[in-house]
>>> print(open('target15.txt').read())   # compact mmCIF, C-alpha atoms
# COMPACT_ATOMS: atom_id res chain seq x y z
CA MET A 104 -89.82 8.35 18.69
CA SER A 105 -92.30 10.98 20.00
CA ILE A 106 -93.46 10.62 23.60
CA ARG A 107 -96.79 12.33 24.22
CA GLY A 108 -97.54 14.58 27.17
CA ILE A 109 -99.86 17.33 28.35
CA ASP A 110 -99.75 20.27 30.76
CA VAL A 111 -102.60 21.40 32.98
CA SER A 112 -103.50 24.09 35.50
CA ASP A 113 -106.58 25.25 37.38
CA TYR A 114 -108.26 25.64 33.99
CA GLN A 115 -108.60 21.83 33.98
CA PRO A 116 -110.04 21.34 37.48
CA ASN A 117 -111.05 17.69 37.31
CA VAL A 118 -108.50 15.55 35.46
CA ASN A 119 -109.05 11.80 35.41
CA TRP A 120 -105.41 10.73 35.41
CA PRO A 121 -105.94 6.98 34.95
CA ALA A 122 -107.97 7.81 31.82
CA VAL A 123 -105.21 10.14 30.65
CA ALA A 124 -102.67 7.36 31.06
CA ARG A 125 -104.84 4.91 29.12
CA ASP A 126 -104.94 7.40 26.25
CA GLY A 127 -101.19 7.03 25.79
CA ILE A 128 -100.04 10.10 27.72
CA THR A 129 -96.83 9.27 29.60
CA PHE A 130 -95.85 12.63 31.08
CA SER A 131 -97.45 15.86 32.21
CA PHE A 132 -96.50 19.23 33.63
CA VAL A 133 -98.81 20.87 36.13
CA LYS A 134 -98.88 24.46 37.30
CA SER A 135 -97.79 24.73 40.91
CA THR A 136 -97.12 28.36 41.75
CA GLU A 137 -97.12 31.91 40.39
CA GLY A 138 -95.29 34.89 41.75
CA ALA A 139 -94.54 34.95 45.46
CA THR A 140 -97.98 34.11 46.86
CA PHE A 141 -100.16 32.09 44.47
CA VAL A 142 -100.44 28.30 44.72
CA ALA A 143 -102.62 26.49 42.17
CA GLN A 144 -105.70 25.05 43.86
CA THR A 145 -105.49 21.81 41.89
CA PHE A 146 -101.75 21.27 42.27
CA ALA A 147 -101.62 19.01 45.32
CA ARG A 148 -104.40 16.77 44.00
CA ASN A 149 -102.91 16.56 40.51
CA TRP A 150 -99.38 15.97 41.82
CA ALA A 151 -100.41 12.94 43.84
CA ALA A 152 -102.80 11.58 41.21
CA MET A 153 -100.22 11.71 38.41
CA LYS A 154 -97.83 9.61 40.43
CA ALA A 155 -100.55 7.11 41.28
CA ALA A 156 -101.47 6.79 37.60
CA GLY A 157 -97.85 6.13 36.58
CA ILE A 158 -97.48 9.40 34.67
CA GLN A 159 -94.07 11.03 34.82
CA ARG A 160 -94.69 14.41 36.36
CA GLY A 161 -93.23 17.89 36.33
CA ALA A 162 -94.22 21.19 37.97
CA TYR A 163 -93.95 24.71 36.59
CA HIS A 164 -93.73 28.12 38.22
CA PHE A 165 -95.10 31.18 36.42
CA PHE A 166 -92.49 33.89 36.94
CA ARG A 167 -93.59 37.39 37.93
CA PRO A 168 -90.47 39.49 37.29
CA THR A 169 -91.38 42.34 39.66
CA SER A 170 -92.34 40.13 42.60
CA SER A 171 -89.83 39.14 45.25
CA VAL A 172 -87.50 36.61 43.66
CA GLN A 173 -86.67 35.04 47.00
CA GLY A 174 -90.36 34.84 47.77
CA GLN A 175 -90.94 33.00 44.49
CA ILE A 176 -88.08 30.61 45.22
CA ASP A 177 -89.35 29.87 48.71
CA LEU A 178 -92.93 29.38 47.54
CA PHE A 179 -92.00 26.92 44.80
CA LEU A 180 -89.65 24.86 46.98
CA LYS A 181 -92.19 24.77 49.80
CA THR A 182 -94.97 23.64 47.44
CA VAL A 183 -93.16 21.20 45.16
CA LYS A 184 -91.21 18.25 46.49
CA LEU A 185 -89.47 16.55 43.57
CA GLU A 186 -88.78 12.85 43.87
CA THR A 187 -86.61 10.42 41.93
CA GLY A 188 -88.09 10.01 38.46
CA ASP A 189 -89.79 13.41 38.42
CA LEU A 190 -88.97 15.91 35.70
CA PRO A 191 -86.89 19.00 36.52
CA ALA A 192 -88.60 22.15 37.77
CA VAL A 193 -89.87 24.52 35.08
CA LEU A 194 -89.63 28.32 35.03
CA ASP A 195 -92.38 29.79 32.86
CA LEU A 196 -91.04 33.00 31.29
CA GLU A 197 -93.54 34.88 29.12
CA THR A 198 -93.82 38.39 30.57
CA THR A 199 -91.29 41.13 31.35
CA GLY A 200 -93.43 42.91 33.92
CA GLY A 201 -92.12 46.16 32.45
CA LEU A 202 -88.48 45.30 33.14
CA SER A 203 -85.66 45.39 30.63
CA ALA A 204 -84.37 42.14 29.17
CA GLY A 205 -81.27 42.37 31.33
CA GLU A 206 -83.24 42.95 34.51
CA LEU A 207 -85.60 40.10 33.72
CA CYS A 208 -82.73 37.71 33.05
CA ASP A 209 -80.87 38.75 36.19
CA ARG A 210 -83.90 38.02 38.35
CA ALA A 211 -84.74 34.79 36.54
CA ALA A 212 -81.14 33.61 36.96
CA ILE A 213 -81.45 33.93 40.73
CA TRP A 214 -84.52 31.65 40.70
CA LEU A 215 -82.92 29.15 38.34
CA GLU A 216 -79.69 28.85 40.31
CA ALA A 217 -81.41 28.55 43.68
CA VAL A 218 -83.89 25.92 42.52
CA GLU A 219 -81.15 23.93 40.78
CA LYS A 220 -79.11 23.93 43.96
CA ALA A 221 -82.09 22.82 46.04
CA THR A 222 -83.43 20.14 43.67
CA LEU A 223 -80.12 18.92 42.18
CA MET A 224 -81.66 19.21 38.71
CA ARG A 225 -81.13 21.99 36.17
CA PRO A 226 -84.53 23.63 35.62
CA ILE A 227 -86.33 23.74 32.29
CA ILE A 228 -87.24 27.10 30.73
CA TYR A 229 -90.71 27.43 29.17
CA THR A 230 -91.27 30.25 26.70
CA TYR A 231 -92.48 31.04 23.20
CA PRO A 232 -90.50 32.33 20.19
CA GLY A 233 -92.02 35.80 19.86
CA PHE A 234 -91.41 36.67 23.49
CA TRP A 235 -87.86 35.35 23.62
CA ASP A 236 -86.78 36.87 20.31
CA ASN A 237 -87.99 40.26 21.54
CA LEU A 238 -85.73 39.90 24.57
CA GLY A 239 -82.77 39.52 22.25
CA THR A 240 -80.77 37.36 24.66
CA THR A 241 -78.96 34.04 24.45
CA ARG A 242 -78.24 33.96 28.16
CA PHE A 243 -80.00 30.73 29.15
CA ALA A 244 -79.16 28.61 26.13
CA ASP A 245 -77.57 25.94 28.33
CA TYR A 246 -80.88 25.19 30.05
CA PRO A 247 -83.34 22.62 28.63
CA LEU A 248 -85.95 24.37 26.48
CA TRP A 249 -89.68 23.77 26.54
CA ILE A 250 -90.91 25.78 23.58
CA ALA A 251 -94.53 26.72 22.87
CA HIS A 252 -94.95 27.04 19.11
CA TYR A 253 -98.20 26.17 17.37
CA THR A 254 -97.25 25.41 13.79
CA THR A 255 -97.77 22.83 11.08
CA ALA A 256 -94.02 22.66 10.51
CA GLU A 257 -92.13 19.51 11.46
CA GLU A 258 -90.07 21.37 14.02
CA PRO A 259 -90.76 24.38 16.24
CA TRP A 260 -88.92 27.68 16.03
CA VAL A 261 -85.96 27.57 18.45
CA PRO A 262 -84.99 31.06 19.66
CA GLY A 263 -82.33 32.63 21.82
CA GLY A 264 -79.17 30.70 21.10
CA TRP A 265 -80.65 27.28 21.88
CA LYS A 266 -79.54 24.65 19.41
CA THR A 267 -82.47 22.36 20.00
CA TRP A 268 -85.64 21.90 22.03
CA THR A 269 -86.32 19.34 24.72
CA PHE A 270 -90.10 19.63 24.99
CA TRP A 271 -92.42 21.07 22.35
CA GLN A 272 -95.87 22.36 23.21
CA TYR A 273 -97.33 22.11 19.74
CA SER A 274 -101.00 22.83 20.43
CA ASP A 275 -103.31 24.43 22.96
CA THR A 276 -106.42 22.80 21.50
CA GLY A 277 -105.61 19.15 22.06
CA THR A 278 -108.11 16.57 23.23
CA VAL A 279 -107.21 13.78 25.61
CA SER A 280 -109.36 11.27 27.44
CA GLY A 281 -109.82 12.24 31.06
CA VAL A 282 -109.61 15.99 30.40
CA SER A 283 -112.73 18.05 29.70
CA GLY A 284 -112.29 20.53 26.85
CA ASN A 285 -109.07 21.58 25.23
CA VAL A 286 -105.68 20.92 26.74
CA ASP A 287 -102.08 21.82 25.88
CA THR A 288 -100.32 18.92 24.18
CA ASN A 289 -96.59 18.30 24.12
CA ILE A 290 -94.00 15.86 22.85
CA PHE A 291 -90.57 14.71 23.91
CA GLU A 292 -88.39 13.06 21.28
CA SER A 293 -86.43 10.04 22.50
CA VAL A 294 -83.24 9.25 20.56
CA ARG A 295 -81.44 6.02 19.85
CA GLU A 296 -78.50 4.61 17.91
CA GLY A 297 -78.26 6.04 14.42
CA ALA A 298 -79.57 9.48 15.33
CA VAL A 299 -77.49 12.55 14.54
CA SER A 300 -78.60 15.71 16.31
CA TYR A 301 -77.84 18.32 18.94
CA LYS A 302 -80.00 16.30 21.31
CA VAL A 303 -77.55 13.42 21.01
CA ALA A 304 -74.68 15.80 21.80
CA ASP A 305 -76.54 16.88 24.95
CA ILE A 306 -76.94 13.24 25.98
CA GLN A 307 -73.24 12.62 25.37
CA LYS A 308 -72.38 15.66 27.47
CA GLU A 309 -74.42 14.45 30.43
CA LEU A 310 -73.00 10.93 30.14
CA ARG A 311 -69.49 12.36 30.18
CA ILE A 312 -70.22 14.52 33.23
CA LYS A 313 -71.33 11.38 35.06
CA GLY A 314 -68.25 9.44 33.97
CA PHE A 315 -69.91 6.96 31.59
CA TYR A 316 -68.74 8.35 28.24
CA GLN A 317 -65.28 9.31 27.01
CA GLY A 318 -65.96 9.63 23.29
CA ALA A 319 -66.44 12.70 21.13
CA MET A 320 -69.48 14.90 21.78
CA ASP A 321 -70.22 14.97 18.08
CA GLY A 322 -73.98 14.42 18.17
CA LYS A 323 -73.64 11.02 16.49
CA PHE A 324 -75.43 8.24 18.36
CA GLY A 325 -73.13 5.31 17.67
CA ALA A 326 -72.24 2.08 19.41
CA THR A 327 -70.02 3.86 21.95
CA THR A 328 -72.84 6.16 23.01
CA THR A 329 -75.24 3.21 23.20
CA ALA A 330 -72.87 1.24 25.43
CA ALA A 331 -72.36 4.25 27.71
CA LEU A 332 -76.09 4.86 27.96
CA ILE A 333 -76.80 1.20 28.80
CA SER A 334 -74.19 1.32 31.57
CA PHE A 335 -75.80 4.45 32.95
CA GLN A 336 -79.28 2.93 32.77
CA LYS A 337 -78.12 -0.12 34.67
CA SER A 338 -76.61 2.07 37.36
CA GLN A 339 -79.98 3.80 37.80
CA GLY A 340 -82.14 0.68 37.75
CA LEU A 341 -83.70 1.72 34.43
CA ASN A 342 -84.56 -0.50 31.46
CA PRO A 343 -81.11 -0.95 29.81
CA ASP A 344 -82.36 -0.60 26.22
CA GLY A 345 -79.81 2.01 25.09
CA ILE A 346 -82.59 4.45 24.18
CA ALA A 347 -82.57 7.98 25.59
CA SER A 348 -86.21 7.95 26.65
CA LEU A 349 -87.79 10.53 28.95
CA LYS A 350 -87.08 8.49 32.09
CA THR A 351 -83.45 8.14 31.09
CA TRP A 352 -83.22 11.85 30.25
CA ALA A 353 -84.66 12.81 33.64
CA ALA A 354 -82.14 10.56 35.39
CA LEU A 355 -79.32 12.18 33.43
CA MET A 356 -80.50 15.60 34.56
CA ARG A 357 -80.27 14.68 38.23
CA LYS A 358 -77.01 15.60 39.88
CA SER A 359 -75.36 13.55 42.56
CA PRO A 360 -75.47 15.29 45.93
CA LYS A 361 -72.18 16.67 47.10
CA VAL A 362 -70.75 14.47 49.80
CA VAL A 363 -68.43 16.04 52.31
CA VAL A 364 -65.54 13.62 52.54
CA PRO A 365 -63.59 13.90 55.77
CA PRO A 366 -59.85 14.32 55.31
CA PRO A 367 -57.89 11.07 55.56
CA ALA A 368 -56.49 10.26 58.93
CA PRO A 369 -52.83 11.25 59.13
CA THR A 370 -50.33 8.43 58.85
CA PRO A 371 -49.11 7.58 62.33
CA THR A 372 -45.62 8.88 62.87
CA PRO A 373 -43.17 6.11 63.83
CA ILE A 374 -41.71 6.23 67.31
CA SER A 375 -38.42 7.23 65.74
CA GLY A 376 -39.96 10.33 64.21
CA VAL A 377 -38.64 9.43 60.76
CA ARG A 378 -39.95 7.32 57.91
CA LEU A 379 -37.50 5.67 55.56
CA THR A 380 -39.65 6.58 52.57
CA GLN A 381 -39.33 10.24 53.57
CA VAL A 382 -35.63 9.85 54.08
CA PHE A 383 -35.01 8.49 50.59
CA SER A 384 -37.39 10.90 48.90
CA SER A 385 -35.20 13.75 50.24
CA TYR A 386 -31.87 12.04 49.50
CA GLN A 387 -29.41 14.32 47.67
CA ALA A 388 -26.22 12.23 47.78
CA SER A 389 -24.47 14.70 50.09
CA ALA A 390 -21.53 13.45 52.11
CA SER A 391 -23.39 13.96 55.39
CA GLN A 392 -26.41 11.98 54.17
CA ASP A 393 -24.19 9.16 52.93
CA THR A 394 -22.47 9.07 56.34
CA ALA A 395 -25.83 8.67 58.10
CA LEU A 396 -26.91 5.89 55.71
CA ILE A 397 -23.62 4.05 56.10
CA TRP A 398 -24.07 4.16 59.87
CA LEU A 399 -27.64 2.82 59.59
CA GLN A 400 -26.50 -0.02 57.34
CA SER A 401 -23.91 -1.03 59.90
CA GLN A 402 -26.67 -1.43 62.51
CA VAL A 403 -28.82 -3.82 60.42
CA SER A 404 -28.05 -7.54 60.24
CA THR A 405 -26.83 -9.05 56.99
CA SER A 406 -29.81 -11.39 56.81
CA ILE A 407 -32.33 -8.54 57.03
CA LEU A 408 -30.42 -6.52 54.43
CA GLY A 409 -30.36 -9.57 52.17
CA GLU A 410 -34.12 -10.07 52.40
CA PHE A 411 -34.66 -6.35 51.88
CA ALA A 412 -32.46 -6.51 48.77
CA GLN A 413 -34.69 -9.24 47.32
CA LYS A 414 -37.82 -7.16 47.94
CA TRP A 415 -36.17 -4.05 46.57
CA ARG A 416 -34.60 -5.62 43.50
CA ALA A 417 -38.02 -6.63 42.25
CA THR A 418 -38.44 -2.97 41.39
CA ALA A 419 -35.48 -1.12 39.96
CA VAL A 420 -31.98 -2.19 40.92
CA PRO A 421 -30.12 -4.47 38.49
CA PRO A 422 -29.52 -7.96 39.96
CA ASP A 423 -25.74 -7.57 39.87
CA THR A 424 -25.77 -4.34 41.86
CA ASN A 425 -24.21 -4.52 45.32
CA LEU A 426 -27.17 -3.08 47.21
CA ARG A 427 -26.26 -0.49 49.75
CA LEU A 428 -28.62 2.00 51.37
CA ILE A 429 -26.76 4.68 49.46
CA ASP A 430 -27.74 2.85 46.25
CA VAL A 431 -31.32 2.75 47.45
CA GLY A 432 -31.23 6.54 47.66
CA LYS A 433 -29.89 6.80 44.11
CA PHE A 434 -32.53 4.47 42.65
CA TYR A 435 -35.52 5.56 44.76
CA ARG A 436 -38.39 6.94 42.65
CA GLY A 437 -41.35 6.67 44.98
CA LEU A 438 -42.77 3.54 43.33
CA ALA A 439 -45.33 1.58 45.30
CA GLN A 440 -43.16 -1.54 45.47
CA GLN A 441 -40.18 0.51 46.60
CA ASP A 442 -42.22 2.08 49.39
CA GLN A 443 -43.45 -1.36 50.43
CA ALA A 444 -39.88 -2.65 50.67
CA LEU A 445 -38.79 0.36 52.73
CA ASP A 446 -41.80 0.05 55.04
CA TRP A 447 -40.88 -3.62 55.55
CA LEU A 448 -37.29 -2.68 56.37
CA GLN A 449 -38.41 -0.04 58.84
CA LYS A 450 -40.37 -2.65 60.79
CA GLN A 451 -37.23 -4.80 61.13
CA ILE A 452 -35.16 -2.02 62.71
CA SER A 453 -35.48 -1.29 66.41
CA PRO A 454 -36.96 2.06 67.47
CA ALA A 455 -33.76 2.95 69.31
CA ILE A 456 -31.64 2.58 66.17
CA LEU A 457 -34.15 4.51 64.06
CA THR A 458 -34.23 7.30 66.64
CA GLU A 459 -30.45 7.64 66.60
CA PHE A 460 -30.42 7.49 62.80
CA ALA A 461 -33.07 10.25 62.69
CA GLN A 462 -30.84 12.45 64.84
CA LYS A 463 -27.86 11.86 62.59
CA TRP A 464 -29.90 12.42 59.42
CA ARG A 465 -31.58 15.59 60.63
CA SER A 466 -28.44 17.11 62.06
CA GLN A 467 -26.68 16.63 58.75
CA SER A 468 -29.56 17.47 56.40
CA THR A 469 -29.90 21.21 56.91
CA VAL A 470 -31.51 23.00 54.00
CA THR A 471 -29.43 25.76 52.49
CA THR A 472 -30.86 28.87 50.91
CA SER A 473 -28.41 28.95 48.02
CA PRO A 474 -29.83 28.43 44.50
CA ILE A 475 -29.77 24.93 43.04
CA ARG A 476 -26.80 24.13 40.85
CA LEU A 477 -27.34 22.59 37.41
CA ILE A 478 -24.79 19.95 38.41
CA ASP A 479 -27.12 18.90 41.23
CA ALA A 480 -30.08 18.99 38.87
CA CYS A 481 -28.27 16.58 36.53
CA LYS A 482 -27.29 14.34 39.44
CA PHE A 483 -30.89 13.90 40.58
CA TYR A 484 -32.56 13.91 37.14
CA ARG A 485 -34.95 10.93 36.79
CA ALA A 486 -37.06 12.02 33.80
CA ALA A 487 -40.00 12.76 36.09
CA PRO A 488 -42.71 14.91 34.43
CA GLN A 489 -42.21 17.78 36.88
CA GLN A 490 -38.46 17.72 36.28
CA ASN A 491 -39.01 17.85 32.52
CA GLN A 492 -41.43 20.75 32.91
CA ALA A 493 -38.92 22.65 35.05
CA LEU A 494 -36.14 22.12 32.49
CA ASP A 495 -38.40 23.17 29.61
CA TRP A 496 -39.33 26.30 31.58
CA LEU A 497 -35.64 27.10 32.15
CA GLN A 498 -34.72 26.53 28.50
CA GLY A 499 -37.40 28.97 27.40
CA ARG A 500 -35.73 31.71 29.45
CA ILE A 501 -32.16 31.24 28.20
CA SER A 502 -31.13 33.07 25.04
CA PRO A 503 -30.35 30.97 21.93
CA ALA A 504 -26.79 32.33 21.90
CA ILE A 505 -26.07 31.07 25.42
CA LEU A 506 -27.66 27.70 24.69
CA SER A 507 -25.52 27.35 21.54
CA GLU A 508 -22.36 28.11 23.49
CA PHE A 509 -23.38 25.65 26.22
CA PHE A 510 -24.01 22.95 23.60
CA ARG A 511 -20.57 23.55 22.09
CA LYS A 512 -18.88 23.22 25.48
CA TRP A 513 -20.96 20.12 26.29
CA GLN A 514 -19.89 18.40 23.06
CA ASN A 515 -16.23 19.23 23.69
CA ALA A 516 -16.50 17.76 27.21
CA ASN A 517 -17.94 14.51 25.82
CA ARG A 518 -14.99 14.13 23.44
CA LEU A 519 -12.48 14.07 26.31
>>> encode(input="target15.txt", output="structure tokens")
Amino acid sequence: MSIRGIDVSDYQPNVNWPAVARDGITFSFVKSTEGATFVAQTFARNWAAMKAAGIQRGAYHFFRPTSSVQGQIDLFLKTVKLETGDLPAVLDLETTGGLSAGELCDRAAIWLEAVEKATLMRPIIYTYPGFWDNLGTTRFADYPLWIAHYTTAEEPWVPGGWKTWTFWQYSDTGTVSGVSGNVDTNIFESVREGAVSYKVADIQKELRIKGFYQGAMDGKFGATTTAALISFQKSQGLNPDGIASLKTWAALMRKSPKVVVPPPAPTPTPISGVRLTQVFSSYQASASQDTALIWLQSQVSTSILGEFAQKWRATAVPPDTNLRLIDVGKFYRGLAQQDQALDWLQKQISPAILTEFAQKWRSQSTVTTSPIRLIDACKFYRAAPQQNQALDWLQGRISPAILSEFFRKWQNANRL
């Protein structure tokens, strides 16, 4: 469905925006700035009046390639204050100013990136086919395109690597109530279920970025896309009709501000200086570690160990296993329920006992610098993804001849 819009500048000095709205115009772009010093005389009045009339508004900056780029950025951002529901900023590119295509694009890119960062919306590029084709670049094909092409064809010419257009300025001789004389007329095509187009793929891409869509970005507007779009619309307080209208598109273009999340508060260290979860995550079944665990078990009452066994056995240990703390080390895999059981046990043990256990554990658990033995790797293998990746990496670096000989020896050992 085509949504009608116009764009105006100082050439239309006295626009009656309520009359424009009554004529079926739902959006409009207005010239705001040009170069590093010019501000349109009618901008402030038009900007406020469009909002009051309920017309979705956008502002465009006419780029002067040889003027100060930073000056143009500052002027636009000082003049235009985008609000929720407004359309993204527009960069009007239709003159090189005598620069090469590369120089023009380099300078335009600075403006685009700075304004996107400041407004949290990717700007729209306005241009016309003849100008852009002469540049011979596809550099900005990931920006929304507002193309000016006056033709009787059903679609405009799309240059420069763009796959589709977002806005089409199809005439500069339009007539609209509330505007004296000719005015530029534009359309935006909303899409809905059943559509198949690059525009649909763009909608799917934005929905995925925002976490509402996990399907294929195939450009096919099916039930999955509709459901994702409705969820997004509800989250934005928009009409949840499943149609990618201009208001929905503008909301999709708006990025969420980056929130600086403070780092989580460190977990308080127990008085003993050791956590049982840390102890068992580093357990390697060495004789010294087993000695420390046996000592700790001797300091805990049978009733507490029995209750701990019930909490623990809900996770991994077979019911008929005689639960010892050494067995806990063998079966520990860092599961949430296991950690909960160990945290419970830690609270039942006095700080004095835990402190002495920490001394025994740390004095016995020195880390050696010798390489790991494959025997130890087999002893602690638990089919964890990282363990599998490490073994696959090792296998890829051992010659087939050595692996074949190892396999032969392994089979012979299993026959004993």
>>> closest_residue(input="target15.txt", among="A:Leu494, A:Val382, A:Val111, A:Leu477", to="Gln272 of chain A", atoms="only C-alpha atoms")
A:Val111
>>> residues_near_point(input="target15.txt", point="(-100.4, 20.0, 36.4)", cutoff="12 Å", atoms="all atoms listed in the file", output="JSON, numbers by chain")
{"A": [108, 109, 110, 111, 112, 113, 114, 115, 116, 117, 118, 119, 120, 130, 131, 132, 133, 134, 135, 136, 142, 143, 144, 145, 146, 147, 148, 149, 150, 151, 152, 153, 154, 158, 159, 160, 161, 162, 163, 164, 183, 193, 282, 286, 287]}
>>> axis_aligned_box(input="target15.txt", around="segment 108-121 of chain A", padding_each_side="5 Å", output="JSON")
{"center_x": -104.3, "center_y": 16.3, "center_z": 32.3, "size_x": 23.5, "size_y": 28.7, "size_z": 20.3}
>>> residues_near_point(input="target15.txt", point="(-76.1, 36.8, 32.1)", cutoff="9 Å", atoms="only C-alpha atoms", output="list of chain:residue names")
A:Gly205, A:Cys208, A:Asp209, A:Ala212, A:Thr240, A:Thr241, A:Arg242, A:Phe243
>>> write_last_selection(input="target15.txt", atoms="C-alpha atoms", output="PDB file, keeping the file's coordinate frame")
ATOM      1  CA  GLY A 205     -81.270  42.370  31.330  1.00  0.00           C
ATOM      2  CA  CYS A 208     -82.730  37.710  33.050  1.00  0.00           C
ATOM      3  CA  ASP A 209     -80.870  38.750  36.190  1.00  0.00           C
ATOM      4  CA  ALA A 212     -81.140  33.610  36.960  1.00  0.00           C
ATOM      5  CA  THR A 240     -80.770  37.360  24.660  1.00  0.00           C
ATOM      6  CA  THR A 241     -78.960  34.040  24.450  1.00  0.00           C
ATOM      7  CA  ARG A 242     -78.240  33.960  28.160  1.00  0.00           C
ATOM      8  CA  PHE A 243     -80.000  30.730  29.150  1.00  0.00           C
TER       9      PHE A 243
END
>>> atom_distance(input="target15.txt", atom1="atom CA of Arg167 of chain A", atom2="atom CA of Trp265 of chain A")
23.0 Å
>>> atom_distance(input="target15.txt", atom1="atom CA of Ala298 of chain A", atom2="atom CA of Asp189 of chain A")
25.6 Å
>>> closest_residue(input="target15.txt", among="A:Ser359, A:Gln451, A:Thr182, A:Gln514", to="Glu410 of chain A", atoms="all atoms listed in the file")
A:Gln451
>>> closest_residue(input="target15.txt", among="A:Asp195, A:Glu296, A:Glu206, A:Glu137", to="Leu248 of chain A", atoms="only C-alpha atoms")
A:Asp195
>>> closest_residue(input="target15.txt", among="A:Gly432, A:Pro121, A:Gly201, A:Pro259", to="Ile290 of chain A", atoms="all atoms listed in the file")
A:Pro259
>>> decode(input="target15.txt", residues="segment 149-163 of chain A", atoms="N, CA, C and O atoms", output="mmCIF file, in the first residue's frame")
data_model
loop_
_atom_site.group_PDB
_atom_site.id
_atom_site.type_symbol
_atom_site.label_atom_id
_atom_site.label_comp_id
_atom_site.auth_asym_id
_atom_site.auth_seq_id
_atom_site.Cartn_x
_atom_site.Cartn_y
_atom_site.Cartn_z
ATOM 1 N N ASN A 149 7.877 25.082 10.177
ATOM 2 C CA ASN A 149 7.357 23.853 9.575
ATOM 3 C C ASN A 149 7.508 22.653 10.515
ATOM 4 O O ASN A 149 6.616 21.813 10.622
ATOM 5 N N TRP A 150 8.633 22.579 11.198
ATOM 6 C CA TRP A 150 8.924 21.431 12.068
ATOM 7 C C TRP A 150 7.870 21.316 13.177
ATOM 8 O O TRP A 150 7.353 20.234 13.449
ATOM 9 N N ALA A 151 7.550 22.420 13.783
ATOM 10 C CA ALA A 151 6.547 22.408 14.843
ATOM 11 C C ALA A 151 5.145 22.186 14.294
ATOM 12 O O ALA A 151 4.342 21.445 14.883
ATOM 13 N N ALA A 152 4.842 22.798 13.155
ATOM 14 C CA ALA A 152 3.494 22.700 12.591
ATOM 15 C C ALA A 152 3.186 21.298 12.076
ATOM 16 O O ALA A 152 2.046 20.825 12.175
ATOM 17 N N MET A 153 4.165 20.612 11.536
ATOM 18 C CA MET A 153 3.956 19.237 11.074
ATOM 19 C C MET A 153 3.564 18.336 12.235
ATOM 20 O O MET A 153 2.651 17.514 12.128
ATOM 21 N N LYS A 154 4.271 18.483 13.344
ATOM 22 C CA LYS A 154 3.953 17.667 14.514
ATOM 23 C C LYS A 154 2.551 17.963 15.008
ATOM 24 O O LYS A 154 1.784 17.037 15.331
ATOM 25 N N ALA A 155 2.193 19.236 15.045
ATOM 26 C CA ALA A 155 0.871 19.621 15.527
ATOM 27 C C ALA A 155 -0.238 19.078 14.630
ATOM 28 O O ALA A 155 -1.331 18.759 15.108
ATOM 29 N N ALA A 156 0.052 18.951 13.348
ATOM 30 C CA ALA A 156 -0.952 18.467 12.395
ATOM 31 C C ALA A 156 -0.996 16.940 12.321
ATOM 32 O O ALA A 156 -1.825 16.377 11.592
ATOM 33 N N GLY A 157 -0.117 16.264 13.063
ATOM 34 C CA GLY A 157 -0.116 14.801 13.049
ATOM 35 C C GLY A 157 0.575 14.198 11.844
ATOM 36 O O GLY A 157 0.337 13.029 11.507
ATOM 37 N N ILE A 158 1.436 14.963 11.196
ATOM 38 C CA ILE A 158 2.176 14.475 10.033
ATOM 39 C C ILE A 158 3.543 13.972 10.491
ATOM 40 O O ILE A 158 4.272 14.689 11.193
ATOM 41 N N GLN A 159 3.863 12.760 10.098
ATOM 42 C CA GLN A 159 5.169 12.203 10.466
ATOM 43 C C GLN A 159 6.252 12.990 9.731
ATOM 44 O O GLN A 159 6.202 13.163 8.521
ATOM 45 N N ARG A 160 7.238 13.456 10.454
ATOM 46 C CA ARG A 160 8.153 14.429 9.887
ATOM 47 C C ARG A 160 9.585 13.917 9.797
ATOM 48 O O ARG A 160 10.025 13.058 10.570
ATOM 49 N N GLY A 161 10.299 14.480 8.833
ATOM 50 C CA GLY A 161 11.708 14.203 8.650
ATOM 51 C C GLY A 161 12.400 15.472 8.204
ATOM 52 O O GLY A 161 11.776 16.380 7.658
ATOM 53 N N ALA A 162 13.717 15.566 8.430
ATOM 54 C CA ALA A 162 14.485 16.754 8.068
ATOM 55 C C ALA A 162 15.667 16.348 7.204
ATOM 56 O O ALA A 162 16.295 15.316 7.444
ATOM 57 N N TYR A 163 15.976 17.185 6.182
ATOM 58 C CA TYR A 163 17.107 16.852 5.330
ATOM 59 C C TYR A 163 18.147 17.971 5.313
ATOM 60 O O TYR A 163 17.836 19.151 5.449
#
